[in-house]
$ cat work.txt   # compact mmCIF, C-alpha atoms
# COMPACT_ATOMS: atom_id res chain seq x y z
CA MET A 218 -17.12 20.39 24.48
CA LEU A 219 -17.63 17.41 26.79
CA GLN A 220 -16.60 15.04 23.99
CA ALA A 221 -13.38 16.94 23.30
CA LEU A 222 -12.43 17.02 27.00
CA GLY A 223 -13.39 13.36 27.29
CA ILE A 224 -10.86 12.50 24.57
CA PHE A 225 -8.03 14.92 25.40
CA GLN A 226 -8.63 15.15 29.19
CA ARG A 227 -7.38 18.76 29.45
CA ALA A 228 -7.52 21.70 27.09
CA THR A 229 -7.42 25.48 26.94
CA PRO A 230 -10.28 27.55 25.46
CA ASP A 231 -8.09 28.23 22.41
CA GLN A 232 -7.58 24.50 21.81
CA LEU A 233 -11.26 23.73 22.40
CA TRP A 234 -12.21 26.51 19.98
CA LYS A 235 -10.19 24.84 17.20
CA LEU A 236 -11.46 21.36 18.15
CA THR A 237 -15.15 22.25 18.35
CA ARG A 238 -15.86 25.53 16.55
CA PRO A 239 -13.03 26.18 14.06
CA GLY A 240 -15.34 28.31 11.93
CA ASN A 241 -15.62 30.98 14.62
CA LYS A 242 -13.29 33.97 14.53
CA HIS A 243 -12.32 33.70 18.21
CA ASP A 244 -12.84 31.58 21.31
CA LYS A 245 -15.35 33.80 23.15
CA LEU A 246 -18.29 31.45 22.54
CA VAL A 247 -16.19 28.54 23.79
CA ARG A 248 -15.30 30.42 26.97
CA ASP A 249 -18.97 31.24 27.52
CA ASN A 250 -19.87 27.57 27.05
CA LEU A 251 -17.22 26.53 29.55
CA LEU A 252 -18.60 28.93 32.14
CA ASP A 253 -22.10 27.58 31.54
CA LEU A 254 -20.87 23.99 31.93
CA GLU A 255 -19.04 25.01 35.08
CA ASP A 256 -22.31 26.31 36.51
CA HIS A 257 -23.78 22.85 35.86
CA HIS A 258 -20.78 21.20 37.55
CA MET A 259 -19.65 19.53 34.32
CA VAL A 260 -16.21 21.14 33.99
CA ARG A 261 -13.79 23.05 36.16
CA PRO A 262 -10.65 25.10 35.58
CA GLU A 263 -7.66 23.12 36.83
CA LEU A 264 -4.89 25.69 36.50
CA VAL A 265 -3.74 28.82 34.76
CA ARG A 266 -0.79 28.55 32.38
CA ASP A 267 2.04 31.01 32.11
CA ASP A 268 0.29 32.63 29.14
CA GLN A 269 -2.71 33.25 31.45
CA ARG A 270 -4.88 30.70 29.65
CA GLN A 271 -6.93 28.44 31.84
CA VAL A 272 -6.72 24.68 31.49
CA TRP A 273 -10.13 23.04 31.80
CA VAL A 274 -10.97 19.46 32.80
CA LEU A 275 -14.11 17.41 33.34
CA THR A 276 -15.66 16.97 36.75
CA LYS A 277 -16.87 13.57 37.86
CA ARG A 278 -20.34 14.43 36.63
CA GLY A 279 -19.02 15.74 33.31
CA HIS A 280 -16.81 12.67 32.95
CA GLY A 281 -19.89 10.46 33.29
CA GLU A 282 -21.71 12.48 30.62
CA ALA A 283 -18.72 12.21 28.29
CA LYS A 284 -18.69 8.45 28.74
CA GLN A 285 -22.31 8.23 27.69
CA LEU A 286 -21.52 10.27 24.58
CA LEU A 287 -18.29 8.54 23.54
CA GLU A 288 -18.30 4.91 24.65
CA PRO A 289 -21.33 3.87 22.53
CA LYS A 290 -19.30 5.06 19.54
CA GLY A 291 -16.33 2.92 20.54
CA ILE A 292 -14.21 5.90 21.60
CA ARG A 293 -12.05 5.52 24.67
CA VAL A 294 -12.55 8.17 27.35
CA SER A 295 -9.49 9.56 29.08
CA ALA A 296 -9.06 9.16 32.84
CA LEU A 297 -10.82 11.53 35.22
CA ARG A 298 -8.69 14.35 36.62
CA GLU A 299 -9.67 14.29 40.27
CA LYS A 300 -9.01 17.12 42.72
CA LYS A 301 -6.10 16.47 45.05
CA TYR A 302 -5.63 18.21 48.39
CA HIS A 303 -2.61 18.68 50.59
CA PRO A 304 -2.79 16.09 53.41
CA VAL A 305 -1.81 18.63 56.08
CA THR A 306 -3.10 22.02 55.00
CA GLY A 307 -6.07 20.74 53.03
CA LYS A 308 -5.36 23.17 50.21
CA LEU A 309 -6.13 22.20 46.63
CA LEU A 310 -2.95 21.00 44.97
CA GLY A 311 -2.06 22.38 41.60
CA ALA A 312 -1.99 19.93 38.71
CA GLY A 313 0.56 20.24 36.00
CA TYR A 314 -0.33 20.54 32.35
CA ASP A 315 2.99 19.57 30.88
CA ASP A 316 4.13 20.97 27.58
CA HIS A 317 4.01 17.57 25.89
CA ALA A 318 0.31 17.07 26.64
CA ALA A 319 -0.38 20.62 25.48
CA ALA A 320 1.51 19.97 22.22
CA VAL A 321 -0.51 16.80 21.57
CA THR A 322 -3.81 18.63 21.96
CA SER A 323 -2.58 21.59 19.90
CA THR A 324 -1.51 19.25 17.10
CA ALA A 325 -4.96 17.68 17.02
CA ALA A 326 -6.52 21.15 17.04
CA GLU A 327 -4.49 22.28 14.03
CA LEU A 328 -5.34 19.11 12.12
CA HIS A 329 -9.02 19.63 12.88
CA VAL A 330 -8.95 23.25 11.69
CA ALA A 331 -7.47 22.05 8.38
CA GLY A 332 -10.25 19.47 7.96
CA ILE A 333 -7.95 16.54 8.70
CA GLY A 334 -10.03 14.55 11.13
CA HIS A 335 -13.20 15.16 13.11
CA ARG A 336 -12.79 15.69 16.83
CA LEU A 337 -14.30 12.23 17.34
CA GLY A 338 -11.71 10.83 14.94
CA PHE A 339 -8.85 11.52 17.35
CA GLN A 340 -7.56 9.18 20.04
CA THR A 341 -4.68 9.64 22.47
CA GLU A 342 -2.28 7.22 24.14
CA ILE A 343 -3.30 4.25 21.99
CA ALA A 344 -1.47 1.05 22.91
CA HIS A 345 0.29 -1.20 20.37
CA ARG A 346 1.46 -4.42 22.02
CA LEU A 347 4.51 -6.07 20.47
CA GLY A 348 5.29 -9.77 20.36
CA ASN A 349 7.65 -9.48 23.35
CA GLY A 350 4.90 -7.86 25.45
CA TYR A 351 6.21 -4.29 25.21
CA VAL A 352 3.48 -1.69 24.67
CA GLN A 353 4.24 1.23 22.38
CA ARG A 354 1.73 4.03 22.90
CA ALA A 355 1.01 6.50 20.14
CA ASP A 356 0.60 10.07 21.36
CA LEU A 357 -2.18 10.66 18.88
CA VAL A 358 -4.12 8.67 16.29
CA VAL A 359 -6.16 10.46 13.64
CA ARG A 360 -8.74 8.94 11.31
CA ALA A 361 -9.68 11.26 8.46
CA PRO A 362 -10.82 9.24 5.44
CA GLU A 363 -12.67 12.24 4.01
CA ALA A 364 -9.33 14.10 3.91
CA GLY A 365 -7.49 11.22 2.25
CA VAL A 366 -5.92 10.01 5.49
CA PRO A 367 -7.83 6.92 6.67
CA VAL A 368 -5.47 6.54 9.62
CA MET A 369 -2.19 8.04 10.84
CA LEU A 370 -0.19 7.66 14.03
CA LEU A 371 1.51 10.74 15.47
CA GLU A 372 4.42 11.08 17.86
CA ILE A 373 4.84 14.55 19.34
CA ASP A 374 8.43 15.28 20.30
CA ARG A 375 9.67 18.37 22.12
CA ARG A 376 13.25 17.11 21.68
CA SER A 377 13.07 15.71 25.18
CA GLU A 378 14.02 12.36 23.65
CA ASP A 379 17.23 11.41 21.92
CA ALA A 380 16.91 11.07 18.16
CA HIS A 381 17.88 7.41 18.40
CA ASP A 382 14.89 6.86 20.71
CA LEU A 383 12.70 8.03 17.84
CA VAL A 384 14.32 5.41 15.61
CA VAL A 385 13.45 2.77 18.23
CA LYS A 386 9.82 3.96 18.19
CA LEU A 387 9.78 3.69 14.41
CA GLN A 388 11.21 0.18 14.64
CA ARG A 389 8.50 -0.85 17.12
CA TYR A 390 5.70 0.38 14.87
CA TRP A 391 7.31 -1.48 11.95
CA GLU A 392 7.53 -4.67 14.02
CA TRP A 393 3.95 -4.27 15.19
CA GLY A 394 2.83 -3.99 11.54
CA ARG A 395 4.40 -7.39 10.86
CA LEU A 396 2.52 -9.29 13.58
CA LEU A 397 -0.22 -11.84 13.03
CA PRO A 398 -3.42 -11.93 15.10
CA LYS A 399 -3.74 -14.68 17.68
CA ASP A 400 -6.41 -16.47 15.66
CA ALA A 401 -4.39 -16.51 12.43
CA ALA A 402 -4.69 -19.68 10.34
CA LYS A 403 -2.22 -22.40 11.31
CA ARG A 404 -0.91 -22.53 7.75
CA THR A 405 -0.12 -18.81 7.88
CA VAL A 406 1.53 -19.12 11.29
CA ASP A 407 3.69 -22.01 10.09
CA LEU A 408 4.70 -20.00 7.03
CA VAL A 409 5.76 -16.99 9.12
CA ARG A 410 7.75 -19.20 11.48
CA SER A 411 9.55 -20.90 8.60
CA ARG A 412 11.85 -17.95 7.87
CA PRO A 413 12.29 -14.34 9.06
CA ASP A 414 10.96 -12.61 5.94
CA ALA A 415 7.99 -14.92 5.38
CA ILE A 416 5.59 -12.33 6.85
CA GLU A 417 6.20 -10.24 3.74
CA HIS A 418 4.29 -12.85 1.74
CA VAL A 419 1.22 -12.47 3.99
CA ASP A 420 -1.35 -9.92 2.83
CA HIS A 421 -1.89 -6.93 5.08
CA ASP A 422 -5.54 -7.89 5.49
CA LYS A 423 -4.40 -11.00 7.39
CA ARG A 424 -2.10 -9.11 9.78
CA LEU A 425 -2.84 -7.82 13.25
CA TRP A 426 -2.84 -4.12 12.40
CA ARG A 427 -5.86 -4.53 10.13
CA ARG A 428 -7.91 -5.60 13.18
CA PHE A 429 -7.34 -2.12 14.66
CA TYR A 430 -7.17 0.21 11.68
CA PRO A 431 -8.80 0.52 8.25
CA PRO A 432 -6.87 0.10 4.98
CA THR A 433 -4.62 3.08 4.39
CA GLY A 434 -5.48 3.33 0.70
CA ARG A 435 -1.77 3.23 -0.11
CA GLU A 436 1.05 0.72 -0.09
CA GLY A 437 2.77 -0.01 3.17
CA LEU A 438 2.00 -0.09 6.87
CA VAL A 439 0.17 2.52 8.97
CA PRO A 440 1.66 6.01 8.32
CA LEU A 441 3.62 7.63 11.14
CA ALA A 442 4.15 11.36 11.68
CA PHE A 443 6.75 12.96 13.91
CA VAL A 444 5.66 16.44 14.98
CA PHE A 445 8.43 18.44 16.64
CA ALA A 446 7.49 21.23 19.03
CA ASP A 447 9.24 23.94 21.03
CA THR A 448 12.65 23.26 19.51
CA THR A 449 15.11 24.76 17.06
CA GLU A 450 15.32 24.14 13.34
CA GLU A 451 18.84 22.77 13.78
CA LYS A 452 17.69 20.15 16.29
CA VAL A 453 14.84 19.14 14.04
CA ASP A 454 17.22 18.72 11.08
CA ASN A 455 19.56 16.59 13.18
CA ALA A 456 16.71 14.39 14.40
CA VAL A 457 15.39 13.91 10.86
CA ALA A 458 18.89 13.03 9.63
CA VAL A 459 19.18 10.32 12.28
CA LEU A 460 15.73 8.97 11.40
CA GLU A 461 16.61 8.83 7.73
CA GLU A 462 19.95 7.13 8.25
CA ASP A 463 19.40 4.76 11.17
CA GLY A 464 15.75 4.08 10.43
CA ARG A 465 16.19 3.38 6.72
CA ARG A 466 15.31 -0.29 7.08
CA TYR A 467 11.86 0.62 8.39
CA TRP A 468 10.76 3.52 6.18
CA ALA A 469 12.67 3.02 2.91
CA PRO A 470 11.10 1.30 -0.11
CA ARG A 471 12.85 -1.47 -2.02
CA ARG A 472 13.48 -2.28 -5.64
CA TYR A 473 10.92 -4.52 -7.30
CA ASP A 474 12.05 -8.03 -8.18
CA SER A 475 11.22 -7.97 -11.89
CA LEU A 476 12.32 -9.69 -15.08
CA TYR A 477 12.72 -6.20 -16.56
CA GLU A 478 15.05 -4.77 -13.92
CA LYS A 479 16.56 -2.11 -16.18
CA ALA A 480 13.14 -0.84 -17.26
CA ILE A 481 11.65 -0.62 -13.75
CA THR A 482 12.39 2.52 -11.73
CA ALA A 483 9.30 2.15 -9.50
CA LEU A 484 9.84 1.33 -5.82
CA ASP A 485 8.15 -1.23 -3.60
CA TYR A 486 6.63 0.41 -0.51
CA ARG A 487 4.56 -2.58 0.63
CA GLN A 488 6.68 -3.45 3.69
CA ALA A 489 7.64 0.12 4.69
CA VAL A 490 6.25 2.54 7.26
CA PRO A 491 5.48 5.86 5.52
CA VAL A 492 7.06 8.51 7.77
CA VAL A 493 6.36 12.25 7.53
CA VAL A 494 7.76 15.02 9.70
CA THR A 495 6.75 18.60 10.51
CA THR A 496 6.73 21.05 13.40
CA LEU A 497 3.90 22.35 15.52
CA GLU A 498 5.03 25.89 14.74
CA GLN A 499 4.58 25.24 11.00
CA LEU A 500 1.13 23.79 11.59
CA GLN A 501 0.12 26.86 13.59
CA GLU A 502 1.61 29.35 11.17
CA HIS A 503 0.64 27.84 7.80
CA GLY A 504 -2.04 25.29 8.68
CA ALA A 505 -1.93 21.51 8.55
CA GLY A 506 -3.41 21.55 5.06
CA ALA A 507 -0.46 23.48 3.64
CA ALA A 508 2.79 22.11 2.26
CA VAL A 509 4.43 21.67 5.66
CA TRP A 510 4.99 17.89 5.64
CA ARG A 511 8.21 16.23 4.56
CA ARG A 512 8.37 12.52 3.71
CA LEU A 513 11.53 10.72 4.77
CA GLY A 514 13.61 9.98 1.70
CA ARG A 515 12.36 13.05 -0.18
CA THR A 516 13.44 16.65 -0.37
CA GLY A 517 11.08 19.56 0.07
CA GLU A 518 7.75 19.85 1.82
CA GLN A 519 4.36 18.75 0.53
CA THR A 520 0.75 18.63 1.60
CA LEU A 521 -0.03 15.68 3.83
CA THR A 522 -1.78 13.57 1.20
CA ALA A 523 0.93 14.30 -1.38
CA ALA A 524 3.60 13.33 1.14
CA LEU A 525 1.82 10.06 1.92
CA ASP A 526 1.18 9.18 -1.72
CA ASN A 527 3.64 7.01 -3.63
CA PRO A 528 3.76 8.30 -7.22
CA ASP A 529 6.82 6.13 -7.81
CA GLY A 530 5.17 3.10 -6.22
CA HIS A 531 2.91 0.26 -7.31
CA TYR A 532 0.88 2.11 -9.97
CA LEU A 533 4.06 3.22 -11.70
CA TYR A 534 5.41 -0.32 -11.38
CA ARG A 535 2.37 -1.79 -13.09
CA ALA A 536 2.60 0.75 -15.91
CA GLN A 537 6.35 0.21 -16.39
CA GLU A 538 5.94 -3.56 -16.19
CA ALA A 539 3.21 -3.46 -18.84
CA ARG A 540 5.33 -1.26 -21.13
CA ALA A 541 8.39 -3.43 -20.61
CA ASP A 542 6.38 -6.57 -21.27
CA ALA A 543 4.90 -5.12 -24.47
CA GLU A 544 8.34 -3.98 -25.61
CA ASP A 545 9.77 -7.42 -24.86
CA LYS A 546 7.01 -9.05 -26.90
CA ARG A 547 7.70 -6.67 -29.82
CA ARG A 548 11.42 -7.41 -29.62
CA ARG A 549 10.85 -11.15 -29.51
CA ALA A 550 8.42 -10.93 -32.42
CA ALA A 551 10.97 -8.94 -34.44
CA GLU A 552 13.72 -11.43 -33.64
CA ARG A 553 11.45 -14.31 -34.61
CA GLU A 554 10.47 -12.58 -37.83
CA ALA A 555 14.12 -12.08 -38.70
CA GLN A 556 14.66 -15.83 -38.30
CA ARG A 557 11.61 -16.81 -40.38
CA PRO A 558 12.72 -19.11 -43.28
CA VAL A 559 12.33 -18.03 -46.93
CA CYS A 560 11.23 -20.41 -49.64
CA THR A 561 14.10 -21.35 -51.96
CA ARG A 562 11.68 -21.83 -54.83
CA CYS A 563 9.33 -18.83 -54.81
CA GLY A 564 11.04 -16.50 -52.34
CA ARG A 565 8.02 -16.16 -50.02
CA LYS A 566 8.37 -16.30 -46.21
CA PHE A 567 7.13 -19.37 -44.42
CA SER A 568 3.80 -19.16 -42.65
CA ASP A 569 3.69 -19.95 -38.92
CA GLU A 570 2.05 -23.28 -39.67
CA ARG A 571 4.71 -24.29 -42.22
CA TRP A 572 7.50 -23.10 -39.92
CA GLU A 573 6.16 -25.16 -37.07
CA GLU A 574 5.66 -28.12 -39.38
CA ILE A 575 9.33 -28.31 -40.35
CA THR A 576 10.63 -27.77 -36.80
CA VAL A 577 8.36 -29.91 -34.61
CA HIS A 578 9.70 -33.45 -34.50
CA ARG A 579 6.39 -35.25 -34.87
CA THR A 580 5.56 -33.36 -38.09
CA ALA A 581 9.05 -32.72 -39.46
CA VAL A 582 9.43 -36.32 -40.65
CA ARG A 583 6.47 -35.79 -42.99
CA ALA A 584 7.25 -32.21 -43.96
CA GLY A 585 8.93 -33.07 -47.22
CA ASP A 586 11.39 -30.58 -48.66
CA LYS A 587 12.02 -28.25 -45.69
CA SER A 588 13.39 -25.51 -47.91
CA VAL A 589 10.06 -24.75 -49.59
CA CYS A 590 7.08 -22.86 -48.21
CA GLY A 591 3.59 -24.16 -47.59
CA PRO A 592 2.09 -23.39 -51.03
CA CYS A 593 5.11 -24.85 -52.83
CA ARG A 594 4.98 -27.87 -50.57
CA ALA A 595 1.28 -28.19 -51.44
CA GLU A 596 2.16 -28.12 -55.14
CA ASP A 597 4.74 -30.84 -54.56
CA VAL A 598 2.19 -32.91 -52.69
CA ALA A 599 -0.36 -32.35 -55.47
CA ARG A 600 2.13 -33.46 -58.13
CA GLN A 601 3.10 -36.48 -56.08
CA GLU A 602 -0.54 -37.40 -55.55
CA ALA A 603 -1.31 -36.93 -59.27
CA ALA A 604 1.62 -39.12 -60.26
CA ALA A 605 0.59 -41.75 -57.76
CA GLU A 606 -3.00 -41.71 -59.04
CA ALA A 607 -1.82 -42.06 -62.62
CA ALA A 608 0.34 -44.98 -61.65
CA ARG A 609 -2.57 -46.61 -59.82
CA LEU A 610 -4.87 -46.24 -62.80
CA ALA A 611 -2.26 -47.60 -65.16
CA ALA A 612 -1.77 -50.63 -62.98
CA ALA A 613 -5.51 -51.32 -62.80
CA ALA A 614 -6.16 -51.11 -66.64
CA PRO A 615 -6.32 -54.46 -68.74
CA PRO A 616 -3.31 -55.19 -70.96
CA GLU A 617 -3.50 -54.15 -74.65
CA PRO A 618 -4.02 -57.12 -77.15
CA GLU A 619 -1.03 -58.18 -79.32
CA ASP A 620 -1.28 -57.60 -83.15
CA ASP A 621 -0.55 -61.26 -84.28
CA GLN A 622 -3.30 -62.72 -82.15
CA GLU A 623 -6.19 -60.73 -83.69
CA PRO A 624 -6.44 -62.62 -87.08
CA ASN A 625 -6.64 -65.99 -85.36
CA ARG A 626 -9.54 -64.74 -83.27
CA VAL A 627 -11.40 -63.78 -86.47
CA ARG A 628 -10.74 -67.06 -88.13
CA GLY A 629 -11.92 -68.93 -85.09
CA TRP A 630 -15.15 -67.03 -85.11
CA LEU A 631 -15.73 -67.78 -88.78
CA ARG A 632 -15.17 -71.41 -88.19
CA ARG A 633 -17.76 -71.51 -85.45
CA ARG A 634 -20.28 -69.82 -87.75
CA THR A 635 -19.90 -72.45 -90.48

$ encode --input "work.txt" --output "structure tokens"
Amino acid sequence: MLQALGIFQRATPDQLWKLTRPGNKHDKLVRDNLLDLEDHHMVRPELVRDDQRQVWVLTKRGHGEAKQLLEPKGIRVSALREKKYHPVTGKLLGAGYDDHAAAVTSTAAELHVAGIGHRLGFQTEIAHRLGNGYVQRADLVVRAPEAGVPVMLLEIDRRSEDAHDLVVKLQRYWEWGRLLPKDAAKRTVDLVRSRPDAIEHVDHDKRLWRRFYPPTGREGLVPLAFVFADTTEEKVDNAVAVLEEDGRRYWAPRRYDSLYEKAITALDYRQAVPVVVTTLEQLQEHGAGAAVWRRLGRTGEQTLTAALDNPDGHYLYRAQEARADAEDKRRRAAEREAQRPVCTRCGRKFSDERWEEITVHRTAVRAGDKSVCGPCRAEDVARQEAAAEAARLAAAAPPEPEDDQEPNRVRGWLRRRT
């Protein structure tokens, strides 16, 4: 209870029930706990809403206890809601619990009920400082790796903002996702400064956003959700249409730059902000785990993880690239085979070695008859070598004696004997 109030600052028993004990059938135990904490001066009711639900906040003592519970875990504690009194009458002044703050807490509560995020996995009003010094604060940040959502930023809109203001918010988150940390390597900084799109060649692990958030497990920057509350379906449709049209540069994937352009239908999401939209009313009616999320650029509603996944993204690209590469190799092999020379003597196709021998300059000069295959060329070489050997032996043999010289040799021998 103290932890939830330390994170969200103010909450009704219904919201605290969903944030702390979603397995219970009602909020009676939560209300009893609040009364017990009030007796120990840990919490106090700040006001009563129009629906007669009390809004509870931490006292100074309770705020100190919440700090001890949350800060060691690296969780920021919201500011203390101090009592304010009228300077003249001395009466306790009422504090407003605006509908936007209530919608933020209710959104977190519905996510928690659906198992998307532990209550300690939520943070509110998280600052994202841009390069020009402007700070864009996310209404809500959820970390739910066990639910397939390692991190997601949420903007809760009650249509109090113009739709084009939502596009500006989307742009700022996109720009923030393209920043480098201050201690980035000089080589990386020089690369990014060399041209506007150079940051796209820098891995996400080397960018600023990875210092704050874990890997998303998917392509692209940190996911962003727009949750609309207390508005009409027509206004929501209009706002989504503006986001899709004017914010296309920031959420839309691109075509892959591939040698096999015609074979690749996969899309490149690596530089995009995944954007999903829903309404608080849908979350409350169907649950955040239901198919109530719509991804910009798609039709129909999906579960949150399905909406964030990219089935037409990098995995499909790798599969299509591999198939296209294999098909290209088969086509090239078939074309090469069709061009393979045929021996004019025996009709056999040339081997790769013989084909290379007659085409490579350094071996072609000694390839002999280029119209015959390797075995026939070997036969030619064998015949040539046999003829050369016969000629060598013939040249080395002594000359045959002449017929008219033989009798004289005999006579000379007889004379020497006598």

$ residues_around --input "work.txt" --residues "Ala469 of chain A" --least-positions-apart "2" --cutoff "10 Å" --atoms "all atoms listed in the file" --output "list in words"
Glu461, Glu462, Gly464, Arg465, Arg466, Tyr467, Arg471, Leu484, Asp485, Tyr486, Gln488, Ala489, Val490, Pro491, Val492, Leu513 and Gly514 of chain A

$ write_last_selection --input "work.txt" --atoms "C-alpha atoms" --output "PDB file, in the frame of the given file"
ATOM      1  CA  GLU A 461      16.610   8.830   7.730  1.00  0.00           C
ATOM      2  CA  GLU A 462      19.950   7.130   8.250  1.00  0.00           C
ATOM      3  CA  GLY A 464      15.750   4.080  10.430  1.00  0.00           C
ATOM      4  CA  ARG A 465      16.190   3.380   6.720  1.00  0.00           C
ATOM      5  CA  ARG A 466      15.310  -0.290   7.080  1.00  0.00           C
ATOM      6  CA  TYR A 467      11.860   0.620   8.390  1.00  0.00           C
ATOM      7  CA  ARG A 471      12.850  -1.470  -2.020  1.00  0.00           C
ATOM      8  CA  LEU A 484       9.840   1.330  -5.820  1.00  0.00           C
ATOM      9  CA  ASP A 485       8.150  -1.230  -3.600  1.00  0.00           C
ATOM     10  CA  TYR A 486       6.630   0.410  -0.510  1.00  0.00           C
ATOM     11  CA  GLN A 488       6.680  -3.450   3.690  1.00  0.00           C
ATOM     12  CA  ALA A 489       7.640   0.120   4.690  1.00  0.00           C
ATOM     13  CA  VAL A 490       6.250   2.540   7.260  1.00  0.00           C
ATOM     14  CA  PRO A 491       5.480   5.860   5.520  1.00  0.00           C
ATOM     15  CA  VAL A 492       7.060   8.510   7.770  1.00  0.00           C
ATOM     16  CA  LEU A 513      11.530  10.720   4.770  1.00  0.00           C
ATOM     17  CA  GLY A 514      13.610   9.980   1.700  1.00  0.00           C
TER      18      GLY A 514
END

$ closest_residue --input "work.txt" --among "A:Leu233, A:Ala604, A:Val274, A:Ile224" --to "Leu287 of chain A" --atoms "all atoms listed in the file"
A:Ile224

$ closest_residue --input "work.txt" --among "A:His257, A:Phe443, A:Gly530, A:Trp572" --to "Trp510 of chain A" --atoms "only C-alpha atoms"
A:Phe443

$ closest_residue --input "work.txt" --among "A:Cys560, A:Ile481, A:Leu222, A:Val368" --to "Pro440 of chain A" --atoms "only C-alpha atoms"
A:Val368

$ closest_residue --input "work.txt" --among "A:Glu436, A:Glu538, A:Asp545, A:Glu327" --to "Leu236 of chain A" --atoms "all atoms listed in the file"
A:Glu327

$ closest_residue --input "work.txt" --among "A:Gly591, A:Gly564, A:Pro470, A:Gly240" --to "Val330 of chain A" --atoms "all atoms listed in the file"
A:Gly240

$ residues_around --input "work.txt" --residues "segment 395-410 of chain A" --least-positions-apart "5" --cutoff "9 Å" --atoms "all atoms listed in the file" --output "VMD selection string"
chain A and resid 347 to 348 390 415 to 419 421 423 to 426 428 438 488
